[in-house]
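K.L.:
Have a look at the structure that comes next, please.
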Amino acid sequence: MRLKTTSKESQKLFIESISSLFDDPEKLLPKCLDPGLFCPINSYAKKLKSGKDFSKYLKSADQLMSAVAETQKVSESDSIPFLGMVKTPLGSVEYAKKGETDPLVLAGVQHFSNPIWRMLAFSSISRTRGLRLYSTKSLYLSSCKNSSPGTEFFKSALEDEGIQYSIDGTDIFVGSGPNYFRVTHLGAVSLNLGSDSSSSTVHSIMKHILTPDFQNDFHFSMDFLEVASDQFPSKAVDSYLSGKMNDRTFYRETADYRLSQAISGRYIIIGSDLYSTPEEFVSKHEFLYVPKPLVQKAIEESGKGLYMDAFSERKVLEHIWPSAGKEILHEMFPDADSSLISSLKGSPIEQIDSLNGEGRISDFMSKLNIRPWSDDSRFLLQILGDYYTSGKERAMREGERIMGTSMNRRAIFYAFLSSVGEAANREWQFSQNEKELSFKISGIISDMIRGEPEHLSDLFEAIKPFLG
């Protein structure tokens with residue numbers, strides 16, 4: 001055993017403390033919630049009440065009575081220069097030894113007035129006879145028959161630990177949510193622990209309970225995705241019970257774990273709604289960019305589910321695009337060149353818009369019999385095509401998205417903005433060189449914007465020298 005030396009003053013205080021036990025030895029005992037014929041607490045009450053001399057128990061196989069006798073022997077000593085130290089899950093506790101008693105039991109008896117350490121006196125009985133101990137500053141209870149101590153005990157334990165709570169019947173709430181996981185004790189009392197709680201509530205309460213089977217006494221449950229998985233991650237449980245994780249982190253770790261399990265199980269989760277099949281999911285939501293059958297097929301072939309806080313077609317497409325995007329584009333645009341599809345950049349919706357734009361531009365150019373001779377001229381045609389077919393706002397949005405870093409394209413776009421009266425709001429985006437080139441072509445582009453589409457062919461010939 002580990003030893004520690006003590007001062008004369010400490011020795012005196014320790015001896016006085018343990019001596020006070022023998023003024024009323026029964027103060028060592030908890031109140032039993034369900035006493036019966038074979039209740040060990042009743043049995044010990046009779047033994048402790050029977051006399052003041054417990055020396056006959058010094059070599060008893062009954063560890064509790066042996067510890068009482070050994071403690072009485074220590075109390076009669078003039079000094080105890082050395083104290084033993086025994087480790088427990090809650091830290092190390094000191095004791096004075098004068099025999100062969102189990103150090104845990106001995107330490108419990110000698111700290112009979114401490115609401116935590118006093119339970120150690122019954123550690124041996126708890127292991128062998130299933131006795132449960134519940135101890136706080138104001139309550140000291142035991143159970144022989146798996147009885148729960150009720151809400152009053154849990155309230156008392158939370159108060160000892162400085163944890164704020166509210167109560168509704170047999171339900172105790174820690175934190176204000178908005179979500180909770182539940183810890184039910186022996187089916188009688190439920191602790192509802194909020195996803196915003198910074199306390200490590202169960203670990204704090206465990207200090208006040210001695211039980212031979214914690215896992216049997218406490219049942220964990222959580223509503224989040226319980227249909228897909230009712231499990232808790234074992235590493236998170238171990239960290240939480242050891243006090244290394246608070247309620248909030250434990251909730252998040254469990255939610256993330258269940259989410260991963262649900263996605264692996266091919267569930268689709270939108271907020272609090274859960275869909276077991278892609279068909280069920282697509283039937284309940286509107287898709288504006290991609291036909292539902294293509295979305296359903298892509299999700300089915302991906303082999304996994306997905307999660308979103310709220311429905312978003314954009315997020316659904318981003319989920320399926322890496323594996324099915326090109327196939328979807330080929331299905332939607334059968335006339336599009338494969339190399340064009342492969343070269344597309346941006347989000348799925350931007351790629352779809354680009355191909356829609358290509359279709360509009362192709363129709364636009366074929367009607368006017370105009371063919372681009374360079375990337376810059378194609379860019380100008382796309383702006384004009386969007387402007388004539390969809391209006392100024394789309395032309396501005398698409399032009400800004402695809403103009404890139406080319407000085408010619410940026411000059412074209414600035415000249416277009418000037419022609420539609422929007423340059424002043426964006427002037428800071430363009431360099432002086434881009435503006436100078438823009439001034440040279442702005443008259444031609446203004447004529448393109450203000451004139452009739454059938455005259456664009458001549459204007460394109462006029463702008464060719466500036467675009468190369």
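Order determines the names: the first chain of the structure tokens is A, the second B, and so forth; residues in each chain are numbered 1 upward, and ligands are numbered 1 upward as they are shown.
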Could you give me, as JSON lines, every segment 111-159 of chain A residue with an atom at most 12 Å from segment 43-50 of chain A, plus its closest atom pair and distance in Å to one decimal, counting only C-alpha atoms, rows ordered by chain then number?
P.N.:
```
{"residue": "A:Ala121", "atom": "CA", "partner": "A:Tyr44", "partner_atom": "CA", "distance": 11.9}
{"residue": "A:Phe122", "atom": "CA", "partner": "A:Tyr44", "partner_atom": "CA", "distance": 11.1}
{"residue": "A:Ile125", "atom": "CA", "partner": "A:Tyr44", "partner_atom": "CA", "distance": 11.4}
```
K.L.:
Would you return as a PyMOL selection string the members of segment 127-342 of chain A that DSSP assigns to strand (DSSP E or B) on this structure's backbone?
P.N.:
chain A and resi 132-135+140-143+166-168+171-174+180-185+189-194+209-210+218-222+268-270+273-275+306-308
K.L.:
Using only C-alpha atoms, can you tell me which of A:Phe439, A:Phe112, A:Phe173, A:Phe22 comes closest to Leu158 of chain A?
P.N.:
A:Phe173
K.L.:
Just want the 9 Å neighbourhood of Leu193 of chain A, counted on only C-alpha atoms, with same-chain residues fewer than 5 positions away dropped. Output as JSON, numbers by chain.
P.N.:
{"A": [172, 173, 174, 175, 176, 177, 179, 180, 181, 182, 183, 201, 247, 248, 251]}
K.L.:
Excluding same-chain residues fewer than 4 positions from Glu427 of chain A, what lies within 12 Å of it counting only C-alpha atoms, as a list in words?
P.N.:
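The residues that qualify are Arg410, Ala411, Phe413, Tyr414, Ala415, Leu417, Ser418, Gly421, Glu422, Ala423, Ser431, Gln432, Glu434, Lys435 and Ser438 of chain A.
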K.L.:
Print the selection's residues with C-alpha atoms to a file, as an mmCIF file, in the first residue's frame.
P.N.:
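Writing the result to out_16.cif gives the following:
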```cif
data_model
loop_
_atom_site.group_PDB
_atom_site.id
_atom_site.type_symbol
_atom_site.label_atom_id
_atom_site.label_comp_id
_atom_site.auth_asym_id
_atom_site.auth_seq_id
_atom_site.Cartn_x
_atom_site.Cartn_y
_atom_site.Cartn_z
ATOM 1 C CA ARG A 410 -13.613 41.546 -69.203
ATOM 2 C CA ALA A 411 -13.550 44.548 -71.585
ATOM 3 C CA PHE A 413 -18.431 42.625 -70.225
ATOM 4 C CA TYR A 414 -17.642 46.169 -69.051
ATOM 5 C CA ALA A 415 -18.844 47.561 -72.409
ATOM 6 C CA LEU A 417 -22.581 46.848 -68.509
ATOM 7 C CA SER A 418 -22.114 50.393 -69.808
ATOM 8 C CA GLY A 421 -26.558 51.301 -67.500
ATOM 9 C CA GLU A 422 -24.939 49.077 -64.867
ATOM 10 C CA ALA A 423 -21.240 49.991 -65.162
ATOM 11 C CA SER A 431 -8.573 47.631 -64.527
ATOM 12 C CA GLN A 432 -7.702 50.739 -66.517
ATOM 13 C CA GLU A 434 -9.762 46.737 -69.544
ATOM 14 C CA LYS A 435 -11.693 50.003 -69.495
ATOM 15 C CA SER A 438 -13.935 48.693 -73.524
#
```
K.L.:
Compare A:Ser342, A:Thr101, A:Thr277, A:Ser92 by their minimum atom-to-atom distance to Ser66 of chain A, counting only C-alpha atoms, and give me the closest one.
P.N.:
A:Thr101
